[in-house]
Each structure stands twice: as C-alpha cells, then as structure tokens.
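Have a look at the structure below before the remarks.
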Amino acid sequence: MTELSTVSSPIASVATSSKEIQAEVDAAYIFEENFMIICFPLGILGIIGNGIIAYLFFYMIENSRFTVYFQTINIANMTVLINHFIYFFRYFFEWDISAFALHIIEMLEVLGYNTRFYILTAICVERYVMIFYPVCDKRYRPQYFSVMVTGALGALSCAITLANDLTCLTHFYATFDEFVVICSMTSILRLIIEILILLTSMVLSTVAILISMKRQQTSPARLDITIVATVLLFLLTDTPIRVTDVILFWIEGANSFAFTVAVHMFDTINCMVIPLIFLTVGCWKRASEPISKFLERAVQFEETMEERTEADKEQA
C-alpha cells in the first residue's frame, strides 16, 4: 500500500501541474479574447477617424511644411490599424494566411509604428527651430525640406525595421549563438537612436515649445497645441511599449503574451485619439466652420506676432 502511494504521488503531482498550466493557458486565452472584443470597436472608430483625416489631407487641404509630416503620421496610423484588424480576423475567424504574407504584414506594422515616432520627432524639432531661431529657419531652410526629412526618416525607419527583422527573429537566435550577438548589437543601436537621440530630442523640444507658449502675450498657436497634445499622447501610449520592446531581449523570462496585448491596446488608443486631437484643436471656439478648416487650422503654421518681431530684430 505504501509503495502504491509512493508511485502514484509523482503521477498526481504531474497531473496537478498539467491542470495548472492548462488553467493558465485558458485564462490567458479568455483574457486576450475579451481584450480583442473591447479593442475592436475602438479600432473601428480609429479607422473611420483616420480615413476622414486622410481624405481631408489629400483632397481638401493645401500642402504646407507641416501637413506633409502629419500626412505621413496619418498613413502610418492607418497601416498599424489595418494590420491590427488582420490580426483580429485571424484570431476569431481563423483566416488562412501564408507565413510569408503574415511576416510582411508584421513588418509593415512595425514600419508604421517606427515612422510615426520619427516624424513626430521631426515636427517637434522643426517647430523648436522656428520659434527660437526664426532667422536661420527663414534664411537657410530649403524649399522642399519637409519632403526631404520625411524621405530620410522613412528610409531610416525601413533600415531599422529590416535590421531588427533580420537579426532578432526567434528562429535565428534560438539556433545560432552568433545571431544572439548580432541581435544584441541591433538592440543597442535601437536604444541609442530611438531612446537616447530621438525621444530625448522630442521631449526637450516639446518642453521648449511649452515654455514659449507660456511666455506669449497672445493665445498660443494652434499648431503648438496640436504638437504638445500629440507628444503627450505618444509619451503615454508609445513610449512605455517602445522602451519595453528595446530592452525585452535582455530580460529573461519576459512575458511576450502580455507585451503583445499591451502593444495592440496602446496602438489602438493612439490611432483613435490622434484624429480627435486634430479636430478638437481646430474647431475650438469656431464650431460653425467646415471640418476641413478645423484640420487645416490645427496642423498648419501661423506665425505669431512674437516670432515676427524677434525675426525682424535679428535681421536688423
């Protein structure tokens, strides 16, 4: 009798452990399912809002130095949302998508995710230069500077996305030790470019813009309000995910499932709120005008009296 109990004890322990693991898997599945159901209507609102903004940008608003940047952010948001919808339909309706197509879709999502960050940084830095160095901005800025910056940052985003894809895929570094070293180098490069350079530049430029807004005798430019609100949204949604993504490779036993859920949640919120920021800033105290005027007022540059006076003084 004692021998039977001794033999059955490990078996019972294994069975209990298997039940606990299965219970955790089931709980994770239920959580992700509920999460996807909640995020789906938010994504629908995001698609509608970004679709309206895209139409207005391309057909109703004249291009200027900042509309090119905001158009790129809008396209990046649409790309991210479309990829999230594909993920949703694969999850619930078991869409049959080839591994290659799925891989391309994931790369496009990361590309859009990176591009909107890089472009937002460019907006903050350029606006900072316009406010504090207006003479240099007017004298030395090339005619198609916005297009050139957008192209350069788009190329940088493609390079970072491709480098991370080629060096940090699971089937690479799980099999070959040398790929672990390469992925580590890529992670360090991303940390330097995205966190230490771009994010720092964005935050410092935004703080300077805020200081300028408080010093103005008149109402602050709507473009400045749009930039500050968009950056605050970015710091609340994108930054925690981006920092976690950069250092995730260095954390042993990291919960990739929780990270994936957080990415979808914060991305959906970000893409849904940005169109609301544009329209809210544009229509503030002028709700009787067409919606295209709201967007135009929110993203186009209007030189303030303080900036004109400072530029005139430096030129004199």
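Identifiers in this document derive from the order of the structure tokens: chains are assigned A, B, ..., residues are numbered from 1 separately in each chain, and ligands are numbered from 1 in order of occurrence.
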Item checked: alpha helix (DSSP H) positions in stretch 19-199 of chain A, given as JSON, numbers by chain -> {"A": [19, 20, 21, 22, 23, 24, 25, 26, 27, 28, 29, 30, 31, 32, 33, 34, 35, 36, 37, 38, 39, 40, 41, 42, 43, 44, 45, 46, 47, 48, 49, 50, 51, 52, 53, 54, 55, 56, 57, 58, 59, 67, 68, 69, 70, 71, 72, 73, 74, 75, 76, 77, 78, 79, 80, 81, 82, 83, 84, 85, 86, 87, 88, 89, 90, 91, 92, 93, 99, 100, 101, 102, 103, 104, 105, 106, 107, 108, 109, 110, 111, 112, 113, 114, 115, 116, 117, 118, 119, 120, 121, 122, 123, 124, 125, 126, 127, 128, 129, 130, 131, 132, 134, 135, 136, 137, 138, 139, 140, 145, 146, 147, 148, 149, 150, 151, 152, 153, 154, 155, 156, 157, 158, 159, 160, 161, 162, 163, 164, 165, 166, 167, 170, 171, 172, 173, 177, 178, 179, 180, 181, 182, 183, 184, 185, 186, 187, 188, 189, 190]}
Next item on the list: Quick one: everything within 10 Å of A:Ala122, counting only C-alpha atoms, minus sequence neighbours fewer than 2 positions away in the same chain. Send it as a count of residues only.
Entry: 20
Would you mind listing, for every residue of stretch 30-64 of chain A within 9 Å of stretch 82-104 of chain A, the two atoms forming the shortest contact and the distance between them in Å to one decimal, using only C-alpha atoms, sorted by chain and ascending residue number, as a tab-separated table?
residue	atom	partner	partner_atom	distance
A:Glu33	CA	A:Phe92	CA	8.4
A:Met36	CA	A:Phe88	CA	7.0
A:Ile37	CA	A:Phe88	CA	8.9
A:Phe40	CA	A:Phe88	CA	7.8
A:Gly43	CA	A:Phe85	CA	7.8
A:Ile44	CA	A:Phe85	CA	8.9
A:Ile47	CA	A:Ile82	CA	8.0
Checklist line | All residues 7 Å or closer to stretch 60-62 of chain A, only C-alpha atoms, same chain fewer than 3 positions away omitted, as number ranges by chain | finding: A: 56-57, 292, 296
Quick one: contact table of stretch 33-110 of chain A to stretch 277-282 of chain A, 10 Å max, nearest atom pair and distance in Å to one decimal per residue, counting only C-alpha atoms, chain and number order, as CSV?
residue,atom,partner,partner_atom,distance
A:Gly49,CA,A:Leu279,CA,9.8
A:Ile53,CA,A:Phe278,CA,8.7
A:Phe70,CA,A:Phe278,CA,9.9
Next, the residues of the selection above should be written as a PDB file, in the first residue's frame with N, CA, C and O atoms.
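Done, and the output landed in selection_33.pdb:
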ATOM      1  N   GLY A  49     -11.963  57.632 -38.209  1.00  0.00           N
ATOM      2  CA  GLY A  49     -11.358  58.939 -37.969  1.00  0.00           C
ATOM      3  C   GLY A  49     -10.149  59.188 -38.852  1.00  0.00           C
ATOM      4  O   GLY A  49     -10.026  60.254 -39.472  1.00  0.00           O
ATOM      5  N   ILE A  53      -9.549  61.940 -41.912  1.00  0.00           N
ATOM      6  CA  ILE A  53      -8.383  62.817 -41.921  1.00  0.00           C
ATOM      7  C   ILE A  53      -7.569  62.632 -43.197  1.00  0.00           C
ATOM      8  O   ILE A  53      -7.094  63.610 -43.804  1.00  0.00           O
ATOM      9  N   PHE A  70       2.248  65.502 -40.991  1.00  0.00           N
ATOM     10  CA  PHE A  70       1.033  64.929 -40.417  1.00  0.00           C
ATOM     11  C   PHE A  70       0.361  63.935 -41.367  1.00  0.00           C
ATOM     12  O   PHE A  70      -0.281  62.987 -40.927  1.00  0.00           O
TER      13      PHE A  70
END
Checklist line | Residue with smallest distance to A:Leu199 - pool A:Val263, A:Leu295, A:Val243, A:Ala159, counting only C-alpha atoms | finding: A:Val243
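Using only C-alpha atoms, the residues found no farther than 9 Å from stretch 160-166 of chain A, other than those of its own chain fewer than 3 positions away, are Met107, Leu108, Val110, Leu111, Asn114, Ala155, Leu156, Ser157, Leu169, Phe172, Cys183, Thr186, Ser187, Leu189 and Arg190 of chain A.
The spacing separating atom CA of A:Arg65 from atom CA of A:Ser219 amounts to 21.8 Å.
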Notebook entry, point to check: Between A:Arg297, A:Cys39, A:Ala152, A:Ile123, which is the closest to A:Ile227 once you count only C-alpha atoms?
Noted result: A:Ile123
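Interatomic distance, atom CA of A:Ser64 against atom CA of A:Pro134: 17.1 Å.
Of the residues listed (A:Thr72, A:Thr260, A:Ser212, A:Thr218), A:Thr260 shows the shortest atom-to-atom separation from A:Asp245; distances use only C-alpha atoms.
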